[in-house]
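Undergrad: What follows is query01.txt; its format and atoms are compact mmCIF, C-alpha atoms.
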```
# COMPACT_ATOMS: atom_id res chain seq x y z
CA MET A 1 -83.07 159.84 -64.10
CA ASP A 2 -81.69 161.35 -60.89
CA SER A 3 -83.82 159.91 -58.12
CA GLN A 4 -82.63 162.57 -55.65
CA HIS A 5 -84.58 165.22 -57.49
CA GLU A 6 -87.74 163.32 -58.45
CA GLU A 7 -91.09 163.75 -56.75
CA THR A 8 -94.44 163.03 -58.37
CA SER A 9 -98.01 164.18 -57.78
CA GLU A 10 -101.41 164.23 -59.37
CA ARG A 11 -102.28 167.78 -58.43
CA GLY A 12 -99.13 169.40 -57.03
CA ILE A 13 -100.19 170.04 -53.40
CA VAL A 14 -97.13 170.52 -51.13
CA THR A 15 -97.18 168.74 -47.78
CA ASP A 16 -95.52 169.84 -44.52
CA SER A 17 -92.74 167.35 -45.17
CA GLY A 18 -91.78 169.15 -48.37
CA SER A 19 -92.79 166.24 -50.63
CA ILE A 20 -95.40 166.51 -53.38
CA SER A 21 -98.36 164.18 -53.00
CA PRO A 22 -102.00 163.88 -54.11
CA ALA A 23 -104.45 166.15 -52.37
CA GLN A 24 -106.25 164.55 -49.44
CA ALA A 25 -108.78 167.24 -48.62
CA SER A 26 -111.38 169.20 -50.49
CA PRO A 27 -110.53 172.71 -51.69
CA LEU A 28 -112.71 174.19 -48.94
CA GLU A 29 -110.65 172.45 -46.29
CA GLN A 30 -107.27 173.61 -47.65
CA PRO A 31 -105.62 177.03 -47.23
CA GLN A 32 -105.70 178.75 -50.62
CA ARG A 33 -102.37 179.79 -52.12
CA PRO A 34 -102.17 182.06 -55.15
CA SER A 35 -101.89 179.72 -58.12
CA ALA A 36 -102.64 179.42 -61.80
CA LYS A 37 -104.42 176.66 -63.68
CA ARG A 38 -103.56 173.07 -62.86
CA THR A 39 -103.44 170.41 -65.49
CA GLY A 40 -103.46 167.38 -63.22
CA THR A 41 -100.61 165.86 -65.27
CA PRO A 42 -98.03 163.83 -63.28
CA TYR A 43 -94.71 165.66 -63.21
CA THR A 44 -91.13 165.32 -61.99
CA LEU A 45 -89.29 167.86 -59.84
CA LYS A 46 -86.19 168.87 -61.84
CA GLN A 47 -83.23 171.11 -61.25
CA ILE A 48 -82.87 174.08 -63.60
CA SER A 49 -79.53 172.76 -64.84
CA LYS A 50 -81.25 169.52 -65.96
CA LEU A 51 -83.76 171.23 -68.23
CA ASN A 52 -83.52 170.60 -71.98
CA TYR A 53 -85.76 170.12 -74.97
CA GLY A 54 -86.39 166.48 -74.07
CA VAL A 55 -87.81 167.20 -70.62
CA LYS A 56 -91.58 166.79 -70.37
CA ASN A 57 -94.10 166.82 -67.54
CA TYR A 58 -91.64 168.56 -65.23
CA THR A 59 -91.70 171.01 -62.33
CA ILE A 60 -88.96 173.31 -61.08
CA ARG A 61 -88.79 174.71 -57.58
CA ALA A 62 -87.12 178.10 -57.93
CA ARG A 63 -86.81 181.50 -56.31
CA ILE A 64 -87.54 184.67 -58.26
CA THR A 65 -84.49 186.92 -58.10
CA LYS A 66 -85.61 189.60 -60.58
CA LYS A 67 -88.81 190.78 -62.22
CA THR A 68 -89.09 193.27 -65.07
CA SER A 69 -91.84 195.79 -65.62
CA ILE A 70 -94.57 195.18 -68.21
CA ASP A 71 -93.53 196.25 -71.68
CA CYS A 72 -95.57 195.66 -74.84
CA GLN A 73 -97.87 193.31 -72.92
CA ALA A 74 -94.98 191.11 -71.71
CA PHE A 75 -92.68 190.76 -68.73
CA ALA A 76 -89.97 188.38 -67.52
CA VAL A 77 -88.70 186.89 -64.27
CA ASN A 78 -85.32 185.40 -63.39
CA LEU A 79 -85.56 182.02 -61.63
CA HIS A 80 -82.83 180.56 -59.43
CA ASP A 81 -82.20 177.27 -57.68
CA ASP A 82 -79.01 175.75 -56.31
CA SER A 83 -78.10 174.33 -59.72
CA GLY A 84 -78.40 177.48 -61.82
CA ASP A 85 -80.58 180.23 -63.27
CA ILE A 86 -83.08 180.56 -66.09
CA ARG A 87 -85.34 183.32 -67.39
CA ALA A 88 -89.09 182.92 -67.86
CA PHE A 89 -91.24 185.10 -70.13
CA ILE A 90 -94.95 185.82 -69.83
CA TYR A 91 -96.93 187.23 -72.75
CA ALA A 92 -100.35 188.54 -73.75
CA GLU A 93 -103.36 187.29 -71.78
CA GLN A 94 -101.16 185.57 -69.17
CA VAL A 95 -99.65 188.94 -68.08
CA ASP A 96 -102.66 190.10 -66.06
CA GLU A 97 -102.88 186.73 -64.34
CA PHE A 98 -99.22 186.21 -63.45
CA PHE A 99 -97.80 189.70 -62.91
CA PRO A 100 -99.37 190.14 -59.43
CA LEU A 101 -98.72 186.47 -58.57
CA LEU A 102 -94.95 186.36 -59.17
CA GLU A 103 -92.98 188.30 -56.54
CA VAL A 104 -89.23 188.73 -56.14
CA GLY A 105 -87.83 186.66 -53.26
CA ASN A 106 -90.60 184.06 -53.21
CA VAL A 107 -90.21 180.41 -54.17
CA TYR A 108 -92.57 178.80 -56.70
CA HIS A 109 -93.34 175.45 -58.27
CA ILE A 110 -93.56 176.02 -62.03
CA SER A 111 -94.77 173.13 -64.17
CA LEU A 112 -95.01 172.52 -67.92
CA ALA A 113 -93.58 175.85 -69.05
CA GLN A 114 -92.45 175.82 -72.68
CA ILE A 115 -88.67 175.41 -73.08
CA ARG A 116 -87.02 177.34 -75.89
CA ARG A 117 -83.54 178.49 -76.91
CA ARG A 118 -82.76 182.11 -77.73
CA ASN A 119 -79.37 183.88 -77.95
CA ASN A 120 -77.72 180.59 -76.98
CA GLN A 121 -79.67 180.52 -73.71
CA LEU A 122 -82.47 178.23 -72.59
CA GLU A 123 -85.60 180.14 -71.60
CA LEU A 124 -89.04 179.31 -70.32
CA VAL A 125 -92.35 180.64 -71.62
CA ILE A 126 -95.23 180.53 -69.16
CA ASN A 127 -98.40 179.91 -71.18
CA ASP A 128 -101.95 178.67 -70.69
CA LYS A 129 -100.71 175.12 -70.04
CA THR A 130 -98.33 176.17 -67.27
CA THR A 131 -99.02 175.59 -63.59
CA VAL A 132 -97.54 178.11 -61.12
CA GLU A 133 -97.90 177.67 -57.38
CA ARG A 134 -96.19 179.55 -54.57
CA TYR A 135 -94.18 177.29 -52.29
CA ASP A 136 -94.53 178.53 -48.71
CA GLU A 137 -92.82 175.70 -46.84
CA LEU A 138 -89.33 176.01 -45.36
CA THR A 139 -86.94 175.55 -48.25
CA ASP A 140 -83.25 175.21 -48.90
CA VAL A 141 -83.50 177.06 -52.23
CA SER A 142 -80.75 179.66 -51.96
CA ARG A 143 -81.28 183.35 -52.58
CA GLY A 144 -78.45 183.49 -55.07
CA ASP A 145 -75.97 185.00 -52.62
CA PHE A 146 -73.17 187.11 -54.05
CA ASP A 147 -69.44 186.36 -54.04
CA PHE A 148 -68.01 189.77 -54.87
CA VAL A 149 -64.75 190.32 -56.75
CA PRO A 150 -62.98 193.72 -56.50
CA ILE A 151 -62.76 195.56 -59.82
CA ALA A 152 -58.95 195.69 -59.53
CA LEU A 153 -58.82 191.87 -59.63
CA LEU A 154 -60.84 191.49 -62.84
CA THR A 155 -57.58 191.33 -64.80
CA GLU A 156 -56.64 188.20 -62.83
CA ASN A 157 -59.80 186.43 -64.03
CA LYS A 158 -60.01 184.83 -67.46
CA VAL A 159 -62.12 186.26 -70.26
CA ASN A 160 -65.64 184.73 -70.33
CA ASN A 161 -65.53 183.95 -66.62
CA LYS A 162 -68.57 185.13 -64.66
CA VAL A 163 -68.14 187.28 -61.56
CA ASP A 164 -70.25 189.13 -59.00
CA ILE A 165 -69.35 192.77 -58.41
CA LEU A 166 -70.52 195.40 -55.95
CA CYS A 167 -69.93 198.87 -57.31
CA VAL A 168 -70.86 202.53 -57.35
CA VAL A 169 -72.31 204.06 -60.52
CA LYS A 170 -69.90 206.77 -61.70
CA ASP A 171 -71.48 207.58 -65.08
CA VAL A 172 -74.53 206.45 -67.07
CA ILE A 173 -74.69 206.42 -70.87
CA ASP A 174 -78.06 206.72 -72.60
CA ALA A 175 -79.59 203.49 -73.90
CA SER A 176 -79.31 202.99 -77.65
CA PRO A 177 -80.27 200.25 -80.15
CA ILE A 178 -77.55 198.25 -81.91
CA THR A 179 -77.70 195.69 -84.70
CA THR A 180 -76.30 192.26 -83.88
CA GLY A 181 -75.68 188.96 -85.61
CA THR A 182 -76.67 188.88 -89.27
CA GLY A 183 -77.82 192.51 -89.23
CA LYS A 184 -81.47 191.66 -88.77
CA ASP A 185 -81.58 191.52 -84.97
CA LYS A 186 -81.62 194.69 -82.88
CA ARG A 187 -80.95 194.93 -79.17
CA VAL A 188 -80.93 197.83 -76.74
CA ARG A 189 -77.80 198.42 -74.72
CA ARG A 190 -76.64 200.90 -72.10
CA SER A 191 -73.14 201.35 -70.70
CA LEU A 192 -72.27 202.28 -67.13
CA LEU A 193 -68.94 203.32 -65.71
CA VAL A 194 -68.65 201.83 -62.23
CA ILE A 195 -66.06 202.06 -59.45
CA ASP A 196 -65.22 200.49 -56.11
CA SER A 197 -62.75 201.05 -53.28
CA SER A 198 -59.98 199.07 -55.03
CA GLY A 199 -59.13 202.23 -57.00
CA TYR A 200 -60.30 201.05 -60.43
CA GLU A 201 -63.21 201.70 -62.76
CA VAL A 202 -64.67 199.44 -65.43
CA ARG A 203 -67.33 199.66 -68.11
CA ILE A 204 -70.31 197.34 -67.75
CA THR A 205 -72.91 196.93 -70.50
CA LEU A 206 -76.60 196.30 -69.79
CA TRP A 207 -78.86 194.69 -72.40
CA GLY A 208 -82.54 194.60 -73.30
CA SER A 209 -85.02 195.44 -70.58
CA MET A 210 -82.21 195.79 -68.06
CA ALA A 211 -80.83 198.64 -70.19
CA THR A 212 -84.17 200.37 -70.81
CA ASP A 213 -85.41 200.01 -67.22
CA PHE A 214 -82.21 201.30 -65.58
CA LYS A 215 -83.10 204.52 -63.75
CA CYS A 216 -80.43 204.69 -61.04
CA PRO A 217 -78.63 208.02 -60.57
CA VAL A 218 -74.87 208.46 -60.28
CA GLY A 219 -73.73 207.41 -56.81
CA SER A 220 -76.09 204.43 -56.53
CA ILE A 221 -74.72 201.17 -55.12
CA VAL A 222 -75.44 198.25 -57.46
CA ALA A 223 -74.72 194.53 -57.12
CA PHE A 224 -74.40 192.50 -60.32
CA LYS A 225 -74.60 188.71 -60.30
CA GLY A 226 -72.82 186.64 -62.94
CA ALA A 227 -71.43 189.49 -65.06
CA LEU A 228 -69.42 188.15 -68.00
CA ILE A 229 -65.79 189.28 -68.31
CA LYS A 230 -64.99 190.49 -71.82
CA ASP A 231 -61.83 191.79 -73.47
CA TYR A 232 -63.37 194.29 -75.88
CA GLY A 233 -61.76 197.73 -75.61
CA GLY A 234 -59.76 196.67 -72.58
CA ARG A 235 -61.29 194.63 -69.77
CA THR A 236 -65.08 195.12 -69.66
CA LEU A 237 -68.15 193.44 -68.20
CA SER A 238 -71.45 192.38 -69.74
CA ALA A 239 -74.37 192.13 -67.33
CA SER A 240 -76.56 189.07 -67.73
CA GLU A 241 -80.27 189.53 -68.27
CA TYR A 242 -80.64 186.14 -66.58
CA LYS A 243 -78.92 187.16 -63.35
CA PRO A 244 -80.12 189.57 -60.67
CA MET A 245 -79.09 193.22 -60.49
CA VAL A 246 -79.82 194.65 -57.05
CA VAL A 247 -79.83 198.40 -56.45
CA ASN A 248 -78.73 199.61 -52.99
CA PRO A 249 -78.79 196.09 -51.48
CA ASP A 250 -79.26 195.90 -47.73
CA ILE A 251 -76.06 193.95 -47.01
CA PRO A 252 -72.99 194.84 -44.90
CA GLU A 253 -70.69 195.08 -47.93
CA ALA A 254 -72.96 197.67 -49.54
CA HIS A 255 -73.12 199.74 -46.36
CA THR A 256 -69.31 199.73 -46.17
CA LEU A 257 -69.02 200.78 -49.82
CA ARG A 258 -71.55 203.56 -49.26
CA GLY A 259 -69.53 204.90 -46.33
CA TRP A 260 -66.32 204.86 -48.40
CA TYR A 261 -67.95 206.61 -51.36
CA ASP A 262 -69.58 209.33 -49.28
CA ALA A 263 -66.40 209.99 -47.29
CA GLU A 264 -63.78 209.93 -50.03
CA GLY A 265 -64.67 207.89 -53.12
CA HIS A 266 -66.81 210.54 -54.83
CA HIS A 267 -63.81 212.82 -55.44
CA LYS A 268 -61.08 210.27 -56.16
CA LYS A 269 -59.35 209.60 -59.46
CA PHE A 270 -59.46 206.02 -60.74
CA LEU A 271 -57.49 203.85 -63.10
CA SER A 272 -59.66 202.46 -65.88
CA LEU A 273 -59.67 198.84 -67.01
CA SER A 274 -61.71 199.82 -70.09
CA ARG A 275 -61.03 201.97 -73.11
CA CYS A 276 -64.39 203.61 -73.50
CA VAL A 277 -66.14 206.90 -74.17
CA THR A 278 -68.40 208.43 -71.55
CA ARG A 279 -70.70 211.22 -72.74
CA GLY A 280 -68.27 212.00 -75.56
CA ARG A 281 -65.21 212.14 -73.29
CA PRO A 282 -62.41 209.63 -73.77
CA ALA A 283 -61.84 207.69 -70.58
CA VAL A 284 -58.46 207.19 -68.98
CA GLY A 285 -56.34 204.71 -70.94
CA SER A 286 -56.80 201.09 -70.10
CA ALA A 287 -54.96 199.85 -67.05
CA PRO A 288 -52.28 197.18 -67.33
CA LYS A 289 -52.69 193.65 -66.13
CA LEU A 290 -51.65 193.38 -62.49
CA VAL A 291 -49.79 190.48 -60.93
CA SER A 292 -49.66 189.54 -57.28
CA ILE A 293 -46.51 190.26 -55.28
CA ALA A 294 -46.05 186.50 -54.91
CA LYS A 295 -45.88 186.28 -58.71
CA ALA A 296 -43.55 189.30 -58.85
CA ASN A 297 -41.16 187.64 -56.40
CA SER A 298 -41.10 184.52 -58.57
CA LEU A 299 -40.21 186.65 -61.62
CA VAL A 300 -37.35 188.30 -59.72
CA ALA A 301 -36.10 184.91 -58.60
CA GLY A 302 -36.06 183.62 -62.19
CA VAL A 303 -33.18 183.23 -64.61
CA ALA A 304 -30.83 186.20 -64.29
CA ASP A 305 -30.66 187.03 -68.01
CA ASN A 306 -34.42 186.70 -68.54
CA PHE A 307 -35.79 190.24 -68.12
CA GLU A 308 -39.46 190.66 -67.26
CA PHE A 309 -41.89 193.58 -67.03
CA PHE A 310 -44.81 193.51 -64.61
CA HIS A 311 -47.29 195.74 -62.76
CA ILE A 312 -48.26 195.49 -59.10
CA ALA A 313 -50.67 197.45 -56.91
CA ALA A 314 -49.23 197.84 -53.44
CA THR A 315 -48.79 200.03 -50.36
CA VAL A 316 -45.42 201.49 -49.38
CA THR A 317 -44.39 200.02 -46.02
CA GLY A 318 -40.85 201.35 -45.62
CA ILE A 319 -37.95 203.24 -47.26
CA SER A 320 -34.25 202.61 -46.77
CA SER A 321 -32.57 206.01 -46.40
CA ASP A 322 -28.96 204.82 -46.23
CA PRO A 323 -27.80 205.31 -48.91
CA PHE A 324 -30.46 207.59 -50.30
CA THR A 325 -28.89 209.55 -53.16
CA ARG A 326 -25.78 209.28 -55.30
CA PRO A 327 -23.80 211.71 -57.48
CA SER A 328 -25.08 211.56 -61.07
CA CYS A 329 -24.37 213.15 -64.43
CA SER A 330 -25.54 216.75 -64.81
CA GLY A 331 -25.71 216.39 -68.59
CA LYS A 332 -29.02 216.66 -70.42
CA ASP A 333 -31.19 213.50 -70.24
CA CYS A 334 -28.51 211.52 -68.40
CA ASP A 335 -28.35 210.39 -64.79
CA GLY A 336 -25.43 208.01 -65.13
CA LYS A 337 -23.01 207.41 -62.30
CA VAL A 338 -20.09 209.84 -62.06
CA SER A 339 -16.68 209.61 -60.43
CA LYS A 340 -14.11 212.31 -59.55
CA MET A 341 -11.36 212.51 -62.13
CA ALA A 342 -7.78 212.24 -60.88
CA ARG A 343 -5.83 215.50 -60.79
CA SER A 344 -8.93 217.41 -61.97
CA ASP A 345 -11.96 219.21 -60.58
CA LYS A 346 -14.22 217.56 -63.11
CA TRP A 347 -16.52 214.55 -62.86
CA HIS A 348 -16.58 211.78 -65.44
CA CYS A 349 -19.86 210.07 -66.42
CA GLU A 350 -19.65 206.32 -67.03
CA ARG A 351 -22.71 206.39 -69.32
CA CYS A 352 -22.33 209.37 -71.66
CA LYS A 353 -18.51 209.57 -71.27
CA GLN A 354 -18.60 213.34 -70.67
CA SER A 355 -16.39 215.24 -68.24
CA LEU A 356 -18.44 217.85 -66.42
CA PRO A 357 -17.58 220.55 -63.86
CA ASN A 358 -20.30 219.49 -61.42
CA PHE A 359 -22.86 216.78 -60.71
CA GLU A 360 -26.47 216.40 -59.60
CA GLN A 361 -27.87 214.30 -56.79
CA CYS A 362 -29.96 211.36 -58.00
CA TYR A 363 -32.31 209.14 -55.99
CA ASP A 364 -30.89 205.67 -55.45
CA PHE A 365 -32.68 203.76 -52.68
CA CYS A 366 -34.75 200.66 -52.01
CA PHE A 367 -38.24 200.61 -50.57
CA ASP A 368 -40.61 197.87 -49.44
CA VAL A 369 -44.22 197.46 -50.58
CA SER A 370 -47.00 195.05 -49.64
CA ASP A 371 -50.32 193.92 -51.14
CA GLY A 372 -51.57 192.80 -47.74
CA ILE A 373 -50.33 189.24 -48.27
CA ASP A 374 -46.73 189.39 -49.48
CA HIS A 375 -43.87 191.87 -49.53
CA ILE A 376 -41.27 192.81 -52.13
CA SER A 377 -38.29 195.17 -52.16
CA LEU A 378 -38.12 197.57 -55.12
CA GLN A 379 -35.21 199.60 -56.47
CA CYS A 380 -36.17 203.27 -56.94
CA THR A 381 -35.18 205.29 -60.00
CA ASN A 382 -34.74 209.07 -59.88
CA LYS A 383 -38.03 209.77 -61.66
CA VAL A 384 -39.98 207.49 -59.32
CA GLY A 385 -38.29 209.02 -56.27
CA GLU A 386 -39.57 212.44 -57.33
CA ILE A 387 -43.11 210.98 -57.64
CA LEU A 388 -42.96 209.38 -54.20
CA LEU A 389 -41.40 212.31 -52.33
CA GLY A 390 -42.69 215.21 -54.39
CA THR A 391 -39.31 216.92 -54.61
CA SER A 392 -35.92 216.54 -56.28
CA ALA A 393 -33.00 214.52 -54.96
CA ASN A 394 -30.96 217.74 -54.66
CA GLU A 395 -33.58 219.24 -52.31
CA MET A 396 -33.77 216.08 -50.23
CA PHE A 397 -29.99 215.95 -49.96
CA LYS A 398 -29.96 219.56 -48.72
CA LEU A 399 -32.72 218.75 -46.22
CA TRP A 400 -30.75 215.73 -45.00
CA ARG A 401 -27.74 217.93 -44.27
CA ALA A 402 -29.71 220.82 -42.73
CA ASN A 403 -32.51 219.23 -40.71
CA ARG A 404 -32.49 215.49 -40.08
CA ALA A 405 -35.83 215.54 -38.22
CA GLU A 406 -37.64 217.17 -41.18
CA PHE A 407 -35.87 214.75 -43.53
CA ASP A 408 -37.18 211.76 -41.53
CA LYS A 409 -40.66 213.28 -41.48
CA LYS A 410 -40.59 213.59 -45.26
CA ILE A 411 -39.55 209.95 -45.59
CA ASP A 412 -42.33 208.80 -43.25
CA SER A 413 -44.93 210.73 -45.26
CA VAL A 414 -44.60 208.18 -48.10
CA LYS A 415 -45.54 205.21 -45.93
CA ASN A 416 -49.02 203.70 -46.24
CA LYS A 417 -49.62 205.32 -49.63
CA TYR A 418 -51.04 203.15 -52.41
CA TYR A 419 -49.57 203.00 -55.92
CA VAL A 420 -49.59 200.98 -59.10
CA PHE A 421 -45.93 200.30 -59.96
CA LYS A 422 -44.58 199.34 -63.38
CA CYS A 423 -41.43 197.31 -62.74
CA MET A 424 -38.65 195.62 -64.65
CA THR A 425 -36.29 192.94 -63.47
CA THR A 426 -32.65 194.05 -63.83
CA THR A 427 -29.29 192.68 -62.77
CA GLU A 428 -26.71 194.11 -60.38
CA HIS A 429 -23.10 193.14 -59.72
CA PRO A 430 -22.59 193.78 -56.00
CA PHE A 431 -19.27 191.89 -56.00
CA LYS A 432 -16.88 190.91 -58.74
CA GLY A 433 -18.08 187.78 -60.50
CA THR A 434 -21.55 187.84 -58.87
CA ILE A 435 -24.93 188.68 -60.39
CA ARG A 436 -28.07 189.61 -58.47
CA LYS A 437 -31.52 190.12 -59.99
CA VAL A 438 -33.64 192.98 -58.60
CA ALA A 439 -36.94 194.68 -59.40
CA SER A 440 -36.50 198.25 -60.56
CA VAL A 441 -39.49 200.62 -60.68
CA ILE A 442 -40.03 202.43 -63.98
CA THR A 443 -43.17 204.40 -63.14
CA ALA A 444 -45.46 204.86 -60.14
CA CYS A 445 -49.09 205.94 -60.37
CA PRO A 446 -50.66 207.03 -57.05
CA ILE A 447 -54.15 205.83 -56.17
CA GLU A 448 -55.66 208.48 -53.93
```
Take the structure in this file and express it as structure tokens.
TA:
Amino acid sequence: MDSQHEETSERGIVTDSGSISPAQASPLEQPQRPSAKRTGTPYTLKQISKLNYGVKNYTIRARITKKTSIDCQAFAVNLHDDSGDIRAFIYAEQVDEFFPLLEVGNVYHISLAQIRRRNNQLELVINDKTTVERYDELTDVSRGDFDFVPIALLTENKVNNKVDILCVVKDVIDASPITTGTGKDKRVRRSLLVIDSSGYEVRITLWGSMATDFKCPVGSIVAFKGALIKDYGGRTLSASEYKPMVVNPDIPEAHTLRGWYDAEGHHKKFLSLSRCVTRGRPAVGSAPKLVSIAKANSLVAGVADNFEFFHIAATVTGISSDPFTRPSCSGKDCDGKVSKMARSDKWHCERCKQSLPNFEQCYDFCFDVSDGIDHISLQCTNKVGEILLGTSANEMFKLWRANRAEFDKKIDSVKNKYYVFKCMTTTEHPFKGTIRKVASVITACPIE
């Protein structure tokens, strides 16, 4: 048995030193703490992660991170220590005794609670044999601090990983019962569509009392602890009933998110990681898996004949305007390179092999993007150039010839804008006998 976590006592009185020792004074001489019945049974202080069916005569020292309302003469609390979390249930005649005693944020010694397994989770049941005593001494029991992950980065985490997210509620779906397992068990679930400043939205499912008790309006800031990443209908999240959900938390990150949402987030469009239905409306199609620019650079540097597709989310940092356009085929659905035919006024297309009387300008430039850590140079296609600049290559070519200052202003207007780019590695032959691999952009989706 781990001696670092063992302390024994006859009655469970906590001394100033933080150890548990027999009581030395009469009840009249001691300050009274709210407590339930004491059994007088010797017990061992255990970490939550060490609990199992074989543990007897134990005590945990844990902080309450969540408390449900009373429903059908029962309620539950989430307990946390530095080793993990567990949920405790209180039923029937114990409800009146323990509901006012157990408060969120406080630390308690809980002894001899029944240990059971349900839905593949260990749980505690506080009954008439359980001792509960508030622990008022200075303690190192953590408050279950959050380590938030942006929604956009959920695709970089593996399925079944647990993450903390701070988000804004965009839509709330009514709670509804579903049948699980063998068809005999029913659970209540509720889906939320949530967003953050990374430009993405995701569906998160609440279960049980968390689903029925959820009353937050659209626009509320919510922090979820230990949400489970799932891959059902795209990337989704499942909120844990055993982890805290904090509405409008008083933390700097929440204040920053509130400022962003009030200023601009409430009217933005978002890419969705989930294929879901919200109030009967199909959501935006699921977003692709993103890679970092460091990963994208490694793909570009790979074997020349090994073509790869990838998506990155990045900010435009610069555009090379020399050269900027090239003559291209004016035929339908073709933008192949053209060359002037000898002793003729026509132009010959290398791709469709047509000879045409004129040509069109086509975007053909490189631009740099960054994800805040790394940079990559991308080759722009004509379609993507029109998305970035909002006009055709012909119009930009005319502007370049007529007004260079306005042309430069138009180029600068693209900088610092944020996009999700779908890219493909391709090969170029800049000199005879040489091959160079580049990243060519196929589509660009702006994130406003």
Undergrad: Nearest residue to Gly199 in chain A out of A:Pro327, A:Gly265, A:Gly84, A:Gly302, using only C-alpha atoms?
TA: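 The answer is A:Gly265, which sits nearest to Gly199 in chain A.
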Undergrad: Quick one: everything within 8 Å of Val104 in chain A, counting only C-alpha atoms, minus sequence neighbours fewer than 5 positions away in the same chain. Send it as an MDAnalysis selection string.
TA: chainID A and resid 63:67
Undergrad: Kindly save the residues from that selection, with C-alpha atoms included, as a short mmCIF file (atom, residue, chain, number, x, y, z; two decimals), in the frame of the given file.
TA:
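Here's the written file part.cif:
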```
data_model
loop_
_atom_site.label_atom_id
_atom_site.label_comp_id
_atom_site.auth_asym_id
_atom_site.auth_seq_id
_atom_site.Cartn_x
_atom_site.Cartn_y
_atom_site.Cartn_z
CA ARG A 63 -86.81 181.50 -56.31
CA ILE A 64 -87.54 184.67 -58.26
CA THR A 65 -84.49 186.92 -58.10
CA LYS A 66 -85.61 189.60 -60.58
CA LYS A 67 -88.81 190.78 -62.22
#
```
Undergrad: Neighbouring residues of Ile60 in chain A were defined as those with any atom within 9 Å, considering only C-alpha atoms; residues of the same chain fewer than 6 positions away were excluded. Please report them as a PyMOL selection string.
TA: chain A and resi 44-48+81+108-111
Undergrad: Give me, as an MDAnalysis selection string, all polymer residues having an atom no more than 12 Å from Val384 in chain A, counting all atoms listed in the file and skipping those fewer than 3 positions away in the same chain.
TA: chainID A and resid 362:367 378:381 387:393 419:423 440:446
Undergrad: Taking 2 positions as the minimum chain separation for residues in the same chain, which residues sit within 9 Å of Thr68 in chain A when counting only C-alpha atoms? Answer as a list in words.
TA: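 Returned residues: Lys66, Ile70, Asp71, Phe75, Ala76, Val77, Asn78, Ser209, Met210 and Asp213 of chain A.
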Undergrad: With a distance cut-off of 9 Å and all atoms listed in the file, select the neighbouring residues of Leu237 in chain A, excluding the residue or stretch itself and same-chain residues fewer than 6 positions from it, and output the selection as a ChimeraX atom specification.
TA: /A:202-205,227-231
Undergrad: Measure the distance from CA of Asn106 in chain A to CA of Asn52 in chain A in Å and round it to one decimal.
TA: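 CA of Asn52 in chain A lies 24.2 Å from CA of Asn106 in chain A.
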Undergrad: Within 12 Å of (-77.6, 185.9, -73.5), all atoms listed in the file: residues as JSON, numbers by chain?
TA: {"A": [86, 87, 117, 118, 119, 120, 121, 122, 123, 187, 206, 207, 208, 226, 227, 228, 238, 239, 240, 241, 242, 243]}
Undergrad: Between CA of Ile293 in chain A and CA of Asp374 in chain A, what distance in Å does the model show, to one decimal?
TA: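 Value for the CA of Ile293 in chain A-CA of Asp374 in chain A distance: 5.9 Å.
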Undergrad: Take CA of Asp171 in chain A and CA of Leu193 in chain A and report the distance between them in Å, one decimal.
TA: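 It comes out at 5.0 Å.
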Undergrad: Please put the answer as JSON: centre and edge lengths, in Å with one decimal, of a box along x, y and z that encloses all listed atoms of range 204-219 of chain A plus 4 Å on each side.
TA:
```
{"center_x": -77.9, "center_y": 201.5, "center_z": -65.1, "size_x": 23.1, "size_y": 21.9, "size_z": 24.5}
```
Undergrad: Nearest to Cys334 in chain A: which of A:Lys383, A:Lys50, A:Lys295, A:Lys415 is it, counting all atoms listed in the file?
TA: A:Lys383
Undergrad: Which one is closest to Val291 in chain A: A:Asp412, A:Glu156, A:Asp262, A:Asp96? Count all atoms listed in the file.
TA: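 That would be A:Glu156, the residue with the smallest distance to Val291 in chain A.
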